[in-house]
$ cat final04.csv   # CSV, C-alpha atoms and all ligand atoms
chain,number,residue,atom,x,y,z
Z,1,MET,CA,-3.8,21.5,-21.9
Z,2,GLU,CA,-5.1,20.5,-25.3
Z,3,ASN,CA,-6.7,17.1,-25.9
Z,4,LEU,CA,-5.5,15.7,-29.2
Z,5,GLY,CA,-7.3,12.3,-28.8
Z,6,LEU,CA,-4.4,11.1,-26.7
Z,7,VAL,CA,-4.8,9.7,-23.2
Z,8,ARG,CA,-3.7,12.6,-21.0
Z,9,ILE,CA,-1.7,11.5,-18.0
Z,10,GLY,CA,-0.3,13.3,-14.9
Z,11,VAL,CA,2.4,11.7,-12.7
Z,12,ILE,CA,2.6,12.7,-9.0
Z,13,GLY,CA,5.9,12.2,-7.2
Z,14,VAL,CA,8.8,11.8,-9.6
Z,15,GLY,CA,11.8,11.2,-7.3
Z,16,GLY,CA,12.1,7.5,-8.1
Z,17,MET,CA,9.3,5.2,-9.1
Z,18,GLY,CA,7.2,8.0,-10.5
Z,19,ALA,CA,10.0,9.1,-12.8
Z,20,PHE,CA,10.2,5.6,-14.1
Z,21,HIS,CA,6.4,5.6,-14.7
Z,22,ALA,CA,6.5,9.0,-16.4
Z,23,ARG,CA,9.3,7.9,-18.8
Z,24,THR,CA,7.6,4.5,-19.5
Z,25,LEU,CA,4.2,6.1,-20.2
Z,26,ALA,CA,5.8,8.9,-22.3
Z,27,GLY,CA,7.1,6.2,-24.6
Z,28,PHE,CA,3.7,4.7,-25.2
Z,29,ALA,CA,1.8,5.3,-28.5
Z,30,GLY,CA,-1.4,7.2,-27.8
Z,31,VAL,CA,-0.3,8.7,-24.5
Z,32,ASP,CA,0.5,12.2,-23.6
Z,33,VAL,CA,2.1,12.7,-20.2
Z,34,VAL,CA,0.9,16.3,-19.8
Z,35,ALA,CA,2.4,17.2,-16.4
Z,36,VAL,CA,4.4,15.9,-13.5
Z,37,ALA,CA,4.2,17.2,-10.0
Z,38,ASP,CA,6.6,17.0,-7.1
Z,39,PRO,CA,7.2,19.3,-4.2
Z,40,ASN,CA,10.9,19.0,-5.0
Z,41,ALA,CA,11.1,21.3,-8.1
Z,42,ASP,CA,14.4,19.8,-9.2
Z,43,ASN,CA,12.8,16.4,-9.5
Z,44,ALA,CA,9.8,17.8,-11.3
Z,45,ASN,CA,11.9,19.9,-13.7
Z,46,ALA,CA,14.3,17.1,-14.5
Z,47,VAL,CA,11.6,14.7,-15.6
Z,48,ALA,CA,9.5,17.4,-17.3
Z,49,ARG,CA,12.5,18.5,-19.3
Z,50,ASP,CA,13.3,14.9,-20.3
Z,51,ILE,CA,9.8,14.0,-21.6
Z,52,GLY,CA,8.6,17.5,-22.6
Z,53,CYS,CA,5.7,18.3,-20.2
Z,54,ILE,CA,4.6,20.8,-17.6
Z,55,ALA,CA,6.4,20.7,-14.2
Z,56,LEU,CA,4.3,21.5,-11.1
Z,57,THR,CA,5.3,21.5,-7.4
Z,58,ASP,CA,1.8,21.1,-6.0
Z,59,PRO,CA,0.6,17.4,-6.1
Z,60,MET,CA,-2.9,18.3,-5.2
Z,61,GLN,CA,-3.2,20.8,-8.1
Z,62,LEU,CA,-2.5,17.9,-10.5
Z,63,ALA,CA,-4.7,15.4,-8.6
Z,64,THR,CA,-7.7,17.8,-9.0
Z,65,SER,CA,-6.9,18.9,-12.5
Z,66,PRO,CA,-9.8,18.5,-15.0
Z,67,ASP,CA,-7.3,18.3,-17.8
Z,68,VAL,CA,-6.0,14.7,-17.2
Z,69,ASP,CA,-7.7,11.4,-17.9
Z,70,GLY,CA,-5.4,9.5,-15.5
Z,71,ILE,CA,-3.1,10.1,-12.6
Z,72,VAL,CA,-0.2,8.0,-11.4
Z,73,ILE,CA,0.4,8.5,-7.7
Z,74,ALA,CA,4.0,7.6,-6.7
Z,75,SER,CA,4.5,10.2,-4.0
Z,76,PRO,CA,5.5,9.1,-0.4
Z,77,ASP,CA,3.2,6.4,0.9
Z,78,ALA,CA,1.3,8.4,3.5
Z,79,THR,CA,0.2,10.9,0.8
Z,80,HIS,CA,-1.5,8.2,-1.3
Z,81,PRO,CA,-5.0,8.3,0.3
Z,82,ASP,CA,-5.8,12.0,0.1
Z,83,LEU,CA,-4.4,12.2,-3.5
Z,84,CYS,CA,-6.3,9.1,-4.6
Z,85,ILE,CA,-9.6,10.5,-3.1
Z,86,ALA,CA,-9.1,13.9,-4.7
Z,87,ALA,CA,-8.4,12.4,-8.1
Z,88,ILE,CA,-11.3,9.9,-8.1
Z,89,GLU,CA,-13.7,12.6,-6.9
Z,90,GLN,CA,-12.9,14.4,-10.2
Z,91,GLY,CA,-13.7,11.1,-12.0
Z,92,THR,CA,-10.1,10.7,-12.9
Z,93,ARG,CA,-8.7,7.2,-13.1
Z,94,VAL,CA,-5.8,6.4,-10.8
Z,95,LEU,CA,-2.8,4.1,-10.9
Z,96,CYS,CA,-1.6,4.3,-7.2
Z,97,GLU,CA,1.7,2.8,-6.2
Z,98,LYS,CA,1.5,0.4,-3.3
Z,99,PRO,CA,0.8,0.6,-0.5
Z,100,LEU,CA,-2.7,2.1,-0.8
Z,101,ALA,CA,-2.1,3.7,2.7
Z,102,THR,CA,0.1,3.5,5.7
Z,103,THR,CA,-2.8,2.9,8.2
Z,104,LEU,CA,-5.9,0.7,8.1
Z,105,GLU,CA,-8.2,3.7,8.6
Z,106,ASP,CA,-6.7,5.5,5.6
Z,107,ALA,CA,-7.0,2.4,3.4
Z,108,GLN,CA,-10.6,2.1,4.4
Z,109,ARG,CA,-11.2,5.8,3.7
Z,110,VAL,CA,-10.1,5.3,0.1
Z,111,VAL,CA,-12.2,2.1,-0.4
Z,112,ASP,CA,-15.2,4.0,1.0
Z,113,ALA,CA,-14.6,7.0,-1.2
Z,114,GLU,CA,-14.4,4.8,-4.3
Z,115,ARG,CA,-17.6,2.9,-3.3
Z,116,ALA,CA,-19.4,6.2,-2.8
Z,117,ILE,CA,-18.5,7.3,-6.3
Z,118,GLY,CA,-19.7,4.1,-7.9
Z,119,PRO,CA,-17.6,2.8,-10.7
Z,120,ARG,CA,-14.1,1.4,-9.9
Z,121,LEU,CA,-11.5,4.1,-10.7
Z,122,ILE,CA,-8.4,2.9,-8.9
Z,123,GLN,CA,-5.8,0.4,-10.0
Z,124,LEU,CA,-3.2,-0.4,-7.3
Z,125,GLY,CA,0.4,-1.0,-8.3
Z,126,PHE,CA,0.9,-4.6,-7.2
Z,127,MET,CA,2.6,-5.0,-10.5
Z,128,ARG,CA,3.7,-8.6,-9.9
Z,129,GLU,CA,0.2,-9.6,-11.3
Z,130,TYR,CA,1.7,-8.5,-14.7
Z,131,ASP,CA,5.2,-10.0,-14.2
Z,132,PRO,CA,5.6,-12.8,-16.8
Z,133,ALA,CA,7.3,-15.1,-14.3
Z,134,HIS,CA,4.4,-14.8,-11.8
Z,135,VAL,CA,1.8,-15.1,-14.6
Z,136,GLN,CA,3.5,-18.4,-15.7
Z,137,VAL,CA,3.3,-19.7,-12.2
Z,138,ARG,CA,-0.4,-18.8,-12.0
Z,139,ASN,CA,-1.0,-20.5,-15.3
Z,140,ALA,CA,0.8,-23.6,-14.2
Z,141,LEU,CA,-1.4,-23.9,-11.1
Z,142,SER,CA,-4.1,-25.6,-13.2
Z,143,GLU,CA,-1.7,-28.5,-13.5
Z,144,THR,CA,-0.3,-28.7,-9.9
Z,145,GLY,CA,-3.6,-29.4,-8.3
Z,146,PRO,CA,-4.7,-28.1,-4.8
Z,147,ILE,CA,-2.1,-26.0,-3.1
Z,148,ASP,CA,-0.4,-27.4,0.0
Z,149,TYR,CA,2.2,-24.8,0.5
Z,150,ILE,CA,3.3,-21.5,-1.0
Z,151,ARG,CA,6.7,-19.8,-0.2
Z,152,THR,CA,7.9,-16.4,-1.3
Z,153,ALA,CA,11.5,-15.1,-1.1
Z,154,HIS,CA,12.3,-11.4,-1.4
Z,155,ARG,CA,15.8,-9.9,-1.2
Z,156,ASN,CA,16.3,-6.1,-1.1
Z,157,VAL,CA,19.6,-4.3,-1.2
Z,158,ASN,CA,19.3,-1.6,1.5
Z,159,ALA,CA,22.6,-0.5,3.1
Z,160,LEU,CA,20.7,1.5,5.7
Z,161,PRO,CA,18.2,0.0,8.1
Z,162,ARG,CA,14.5,0.8,7.7
Z,163,PRO,CA,11.8,0.9,10.4
Z,164,VAL,CA,10.1,-2.5,10.6
Z,165,ALA,CA,6.7,-1.0,9.6
Z,166,GLN,CA,8.2,0.3,6.4
Z,167,ILE,CA,9.8,-3.0,5.6
Z,168,ILE,CA,6.4,-4.8,6.0
Z,169,GLY,CA,4.3,-2.0,4.5
Z,170,GLN,CA,6.4,-1.2,1.5
Z,171,SER,CA,8.1,-4.4,0.7
Z,172,LEU,CA,6.6,-7.5,2.2
Z,173,VAL,CA,3.2,-6.2,1.2
Z,174,HIS,CA,4.1,-7.3,-2.4
Z,175,ASP,CA,4.6,-10.8,-1.2
Z,176,ILE,CA,1.3,-10.7,0.7
Z,177,HIS,CA,-0.5,-9.7,-2.5
Z,178,SER,CA,1.4,-12.3,-4.6
Z,179,VAL,CA,0.1,-15.1,-2.3
Z,180,ARG,CA,-3.5,-13.8,-2.5
Z,181,PHE,CA,-3.3,-13.3,-6.3
Z,182,LEU,CA,-1.8,-16.7,-7.0
Z,183,THR,CA,-3.9,-18.8,-4.5
Z,184,GLY,CA,-7.1,-16.9,-4.7
Z,185,SER,CA,-7.2,-17.4,-0.9
Z,186,GLU,CA,-7.0,-15.2,2.1
Z,187,PHE,CA,-4.5,-15.2,5.0
Z,188,THR,CA,-6.3,-16.4,8.2
Z,189,ARG,CA,-3.5,-16.2,10.7
Z,190,VAL,CA,0.2,-15.3,10.8
Z,191,VAL,CA,3.2,-15.5,13.1
Z,192,ALA,CA,6.3,-13.4,12.4
Z,193,HIS,CA,9.9,-13.4,13.5
Z,194,GLY,CA,12.6,-10.8,12.8
Z,195,GLY,CA,16.3,-11.3,12.9
Z,196,GLY,CA,19.7,-9.8,12.1
Z,197,ALA,CA,19.2,-6.7,14.4
Z,198,ARG,CA,19.7,-3.4,12.6
Z,199,ASN,CA,19.4,-0.2,14.7
Z,200,GLY,CA,16.1,-1.3,16.4
Z,201,SER,CA,14.9,-2.9,13.2
Z,202,TYR,CA,15.6,-6.2,11.5
Z,203,ARG,CA,17.6,-7.3,8.5
Z,204,HIS,CA,15.4,-10.3,7.8
Z,205,ILE,CA,11.8,-11.2,8.6
Z,206,VAL,CA,10.1,-14.6,8.3
Z,207,VAL,CA,6.3,-14.9,8.4
Z,208,VAL,CA,4.6,-18.3,8.6
Z,209,GLY,CA,0.8,-18.5,8.2
Z,210,GLU,CA,-2.3,-20.2,7.1
Z,211,LEU,CA,-4.6,-19.5,4.2
Z,212,SER,CA,-8.4,-19.9,3.9
Z,213,CYS,CA,-7.8,-22.8,1.4
Z,214,GLY,CA,-6.0,-24.7,4.1
Z,215,ALA,CA,-2.5,-24.2,2.6
Z,216,HIS,CA,0.5,-23.1,4.6
Z,217,VAL,CA,2.4,-20.0,3.6
Z,218,ALA,CA,5.9,-18.7,4.3
Z,219,LEU,CA,7.1,-15.2,3.4
Z,220,GLU,CA,10.8,-14.7,3.7
Z,221,PHE,CA,12.3,-11.3,3.4
Z,222,ASP,CA,15.9,-9.9,3.6
Z,223,ASP,CA,16.5,-6.1,3.6
Z,224,GLY,CA,20.3,-6.2,3.6
Z,225,GLY,CA,21.0,-8.5,0.7
Z,226,PHE,CA,23.6,-8.3,-2.0
Z,227,ALA,CA,21.4,-8.5,-5.1
Z,228,TYR,CA,17.7,-7.9,-5.7
Z,229,GLU,CA,15.8,-11.1,-6.1
Z,230,VAL,CA,12.2,-12.2,-5.8
Z,231,SER,CA,10.8,-15.7,-6.2
Z,232,VAL,CA,7.7,-17.8,-5.4
Z,233,GLU,CA,7.4,-21.5,-5.1
Z,234,VAL,CA,4.1,-23.4,-4.9
Z,235,LEU,CA,3.8,-27.0,-3.8
Z,236,GLY,CA,0.6,-28.7,-5.1
Z,237,ARG,CA,-0.9,-32.1,-4.7
Z,238,ASN,CA,0.2,-33.1,-8.3
Z,239,GLY,CA,3.2,-30.9,-8.9
Z,240,ASP,CA,5.3,-28.0,-7.8
Z,241,VAL,CA,6.1,-24.7,-9.6
Z,242,LEU,CA,8.7,-22.1,-9.2
Z,243,THR,CA,9.2,-18.7,-10.8
Z,244,ALA,CA,11.9,-18.3,-13.4
Z,245,ALA,CA,14.5,-15.5,-12.8
Z,246,PRO,CA,14.9,-12.9,-15.5
Z,247,SER,CA,17.4,-14.2,-18.1
Z,248,ARG,CA,20.8,-12.5,-18.0
Z,249,ALA,CA,23.9,-12.8,-20.1
Z,250,THR,CA,26.6,-14.9,-18.5
Z,251,LEU,CA,29.9,-12.9,-18.0
Z,252,ARG,CA,33.2,-14.8,-17.8
Z,253,ARG,CA,36.0,-12.7,-16.3
Z,254,ASP,CA,39.0,-13.2,-14.1
Z,255,GLY,CA,38.2,-16.9,-13.6
Z,256,VAL,CA,34.6,-16.0,-12.5
Z,257,VAL,CA,31.3,-16.8,-14.3
Z,258,SER,CA,28.6,-14.4,-13.3
Z,259,ALA,CA,25.2,-12.9,-14.2
Z,260,ASN,CA,24.4,-9.3,-13.2
Z,261,ILE,CA,20.9,-9.5,-11.7
Z,262,GLY,CA,21.1,-5.9,-10.4
Z,263,ALA,CA,20.5,-4.3,-7.1
Z,264,ASP,CA,17.0,-3.0,-7.5
Z,265,TRP,CA,13.6,-3.8,-8.8
Z,266,PHE,CA,13.7,-1.5,-11.8
Z,267,GLY,CA,15.7,-4.1,-13.7
Z,268,TRP,CA,14.2,-7.3,-12.3
Z,269,PHE,CA,10.6,-6.1,-12.9
Z,270,ALA,CA,11.1,-3.8,-15.9
Z,271,ALA,CA,8.7,-5.9,-18.0
Z,272,ALA,CA,6.1,-6.1,-15.3
Z,273,TYR,CA,6.0,-2.3,-14.8
Z,274,ALA,CA,5.7,-1.7,-18.6
Z,275,ILE,CA,3.0,-4.3,-19.0
Z,276,GLN,CA,1.1,-2.9,-15.9
Z,277,ASP,CA,1.3,0.7,-17.2
Z,278,ARG,CA,0.1,-0.3,-20.7
Z,279,ALA,CA,-2.8,-2.3,-19.1
Z,280,TRP,CA,-3.7,0.8,-17.1
Z,281,VAL,CA,-3.7,3.1,-20.1
Z,282,ASP,CA,-5.8,0.5,-22.1
Z,283,SER,CA,-8.3,0.4,-19.2
Z,284,ILE,CA,-8.6,4.2,-19.4
Z,285,ILE,CA,-9.4,3.9,-23.1
Z,286,ALA,CA,-11.8,1.0,-22.5
Z,287,GLY,CA,-13.4,2.9,-19.5
Z,288,ALA,CA,-13.2,-0.1,-17.2
Z,289,ALA,CA,-10.6,-0.5,-14.4
Z,290,VAL,CA,-8.5,-3.7,-14.3
Z,291,GLY,CA,-5.8,-5.3,-12.1
Z,292,PRO,CA,-5.4,-5.0,-8.3
Z,293,THR,CA,-8.0,-3.0,-6.5
Z,294,ALA,CA,-8.2,-0.6,-3.6
Z,295,VAL,CA,-9.9,-3.5,-1.7
Z,296,ASP,CA,-6.8,-5.6,-2.4
Z,297,GLY,CA,-4.8,-2.7,-0.9
Z,298,LEU,CA,-7.0,-2.7,2.2
Z,299,ILE,CA,-6.8,-6.5,2.7
Z,300,ALA,CA,-3.0,-6.4,2.3
Z,301,GLN,CA,-3.0,-3.7,4.9
Z,302,GLN,CA,-4.9,-6.0,7.3
Z,303,VAL,CA,-2.3,-8.7,6.9
Z,304,VAL,CA,0.5,-6.1,7.4
Z,305,ALA,CA,-1.2,-5.0,10.7
Z,306,ALA,CA,-1.4,-8.7,11.9
Z,307,ILE,CA,2.3,-9.3,11.0
Z,308,LEU,CA,3.4,-6.1,12.9
Z,309,THR,CA,1.4,-7.3,16.0
Z,310,SER,CA,2.9,-10.7,15.8
Z,311,LEU,CA,6.4,-9.3,15.6
Z,312,GLU,CA,5.7,-7.7,19.0
Z,313,THR,CA,3.8,-10.5,20.7
Z,314,ARG,CA,5.6,-13.4,19.0
Z,315,GLN,CA,2.3,-15.2,18.9
Z,316,PHE,CA,0.0,-16.2,16.0
Z,317,VAL,CA,-2.4,-13.4,15.2
Z,318,ASP,CA,-5.7,-13.9,13.3
Z,319,VAL,CA,-6.2,-11.7,10.2
I,401,LIG,C1,9.9,-1.3,-3.4
I,401,LIG,O1,9.1,-0.2,-3.0
I,401,LIG,C2,9.2,-2.0,-4.4
I,401,LIG,O2,8.1,-1.7,-4.8
I,401,LIG,C3,9.8,-3.3,-4.9
I,401,LIG,O3,9.1,-4.0,-5.8
I,401,LIG,C4,10.1,-4.1,-3.7
I,401,LIG,O4,10.7,-5.3,-4.1
I,401,LIG,C5,10.9,-3.4,-2.7
I,401,LIG,O5,11.2,-4.2,-1.6
I,401,LIG,C6,10.2,-2.2,-2.2
I,401,LIG,O6,11.0,-1.5,-1.3

$ encode --input "final04.csv" --output "structure tokens"
Amino acid sequence: MENLGLVRIGVIGVGGMGAFHARTLAGFAGVDVVAVADPNADNANAVARDIGCIALTDPMQLATSPDVDGIVIASPDATHPDLCIAAIEQGTRVLCEKPLATTLEDAQRVVDAERAIGPRLIQLGFMREYDPAHVQVRNALSETGPIDYIRTAHRNVNALPRPVAQIIGQSLVHDIHSVRFLTGSEFTRVVAHGGGARNGSYRHIVVVGELSCGAHVALEFDDGGFAYEVSVEVLGRNGDVLTAAPSRATLRRDGVVSANIGADWFGWFAAAYAIQDRAWVDSIIAGAAVGPTAVDGLIAQQVVAAILTSLETRQFVDV
């Protein structure tokens, strides 16, 4: 692979989110997506054909390639730790989709490997840090005064039930990070309830907790909703602030006024992903990692573990 002064990127796992990253990155000035890798050759070939790059079927071959400056890891969650570690051991910068890992041990392993190498090389894909609506809320917090309460609401459209560990680890983990990022505080204890039984899992989950700043927190999640929607509201001593929904054209038809907000996060957070990916590329050029860290991934995993325990015991669990 020839280096033409472009930032050379490889994307691992291009079945869904990774294909979105590959196409987004391929559209950036100064970026060459040189290869994609997916054990499913059809996925790899389809994206490679689309953006004009090499298609590989061995993710580890791309993670350990000396011919890339950065790797996006968007393969199944449990594969993230080994791929992250293999890439950073080559000195390659990584944008790893959340979650960092599916177990606390694996998350700790990645954090330890990065520490052993020295400079920070991993950016974790908690992309709401780059979402304009979330950034506006964070900026407004200077006017709302000390936070008393923060509430997140997250609606997914999943026709099929998912195991509860997946709901918390893949989805609610975003809300956990939003709370930490917006408040700058840590979860100290949580209690969780699930409802709307779905094949041994839940349709909705409500988590109530406390933060180190003394604020109360509520995370509300629904997996069987009818449109994708994410919001955060913060109540402060001097004012409250709520995220704006993405603006959508209003459709009038058959006596109904509607706005199509979509059924998945690709539309709702399109700007956030593009801003995140550009910030990551710029950090490769600048030689200094930015954004959410592997440690953020580990801490989020600790909160996930406490929530899962509480769903079983129905008691408050310390984080
Ligand atoms: C998905 O993996 C995401 O990353 C989305 O942002 C999130 O809203 C969704 O619940 C997850 O399943």

$ atom_distance --input "final04.csv" --atom1 "atom CA of Val257 of chain Z" --atom2 "atom CA of Asp223 of chain Z"
25.6 Å

$ closest_residue --input "final04.csv" --among "Z:His177, Z:Val295, Z:Pro161, Z:Gly15" --to "Asp112 of chain Z" --atoms "all atoms listed in the file"
Z:Val295

$ atom_distance --input "final04.csv" --atom1 "atom CA of Arg162 of chain Z" --atom2 "atom CA of Ala197 of chain Z"
11.1 Å

$ residues_around --input "final04.csv" --residues "Leu160 of chain Z" --least-positions-apart "2" --cutoff "12 Å" --atoms "only C-alpha atoms" --output "ChimeraX atom specification"
/Z:156-158,162-163,167,198-203,223-225

$ atom_distance --input "final04.csv" --atom1 "atom CA of Asp282 of chain Z" --atom2 "atom CA of Ala35 of chain Z"
19.5 Å

$ closest_residue --input "final04.csv" --among "Z:Phe266, Z:Phe28, Z:Phe181, Z:Phe20" --to "ligand LIG 401 (chain I)" --atoms "all atoms listed in the file"
Z:Phe266

$ residues_around --input "final04.csv" --residues "Asp38 of chain Z" --least-positions-apart "6" --cutoff "9 Å" --atoms "all atoms listed in the file" --output "short mmCIF file (atom, residue, chain, number, x, y, z; two decimals) with C-alpha atoms, in the frame of the given file"
data_model
loop_
_atom_site.label_atom_id
_atom_site.label_comp_id
_atom_site.auth_asym_id
_atom_site.auth_seq_id
_atom_site.Cartn_x
_atom_site.Cartn_y
_atom_site.Cartn_z
CA VAL Z 11 2.40 11.70 -12.70
CA ILE Z 12 2.60 12.70 -9.00
CA GLY Z 13 5.90 12.20 -7.20
CA VAL Z 14 8.80 11.80 -9.60
CA GLY Z 15 11.80 11.20 -7.30
CA ALA Z 44 9.80 17.80 -11.30
CA ASN Z 45 11.90 19.90 -13.70
CA ALA Z 55 6.40 20.70 -14.20
CA LEU Z 56 4.30 21.50 -11.10
CA THR Z 57 5.30 21.50 -7.40
CA ASP Z 58 1.80 21.10 -6.00
CA PRO Z 59 0.60 17.40 -6.10
CA SER Z 75 4.50 10.20 -4.00
#

$ residues_near_ligand --input "final04.csv" --ligand "ligand LIG 401 (chain I)" --cutoff "6 Å" --atoms "only C-alpha atoms and all ligand atoms" --output "ChimeraX atom specification"
/Z:156,170-171,265

$ closest_residue --input "final04.csv" --among "Z:Val207, Z:Leu124, Z:Ala29, Z:Val281" --to "Ala107 of chain Z" --atoms "all atoms listed in the file"
Z:Leu124

$ closest_residue --input "final04.csv" --among "Z:Ile285, Z:Ala63, Z:Val256, Z:Val190" --to "Leu308 of chain Z" --atoms "all atoms listed in the file"
Z:Val190

$ closest_residue --input "final04.csv" --among "Z:Leu311, Z:Ile122, Z:Ile299, Z:Leu211" --to "Thr103 of chain Z" --atoms "only C-alpha atoms"
Z:Ile299

$ residues_around --input "final04.csv" --residues "Ile117 of chain Z" --least-positions-apart "6" --cutoff "9 Å" --atoms "all atoms listed in the file" --output "list of chain:residue names"
Z:Ile88, Z:Glu89, Z:Gly91

$ closest_residue --input "final04.csv" --among "Z:Gln166, Z:Asn139, Z:Thr64, Z:Asn260" --to "Pro76 of chain Z" --atoms "all atoms listed in the file"
Z:Gln166

$ residues_around --input "final04.csv" --residues "Arg314 of chain Z" --least-positions-apart "5" --cutoff "12 Å" --atoms "only C-alpha atoms" --output "list in words"
Val190, Val191, Ala192, His193, Gly194, Val206, Val207, Val208, Ala306, Ile307, Leu308 and Thr309 of chain Z
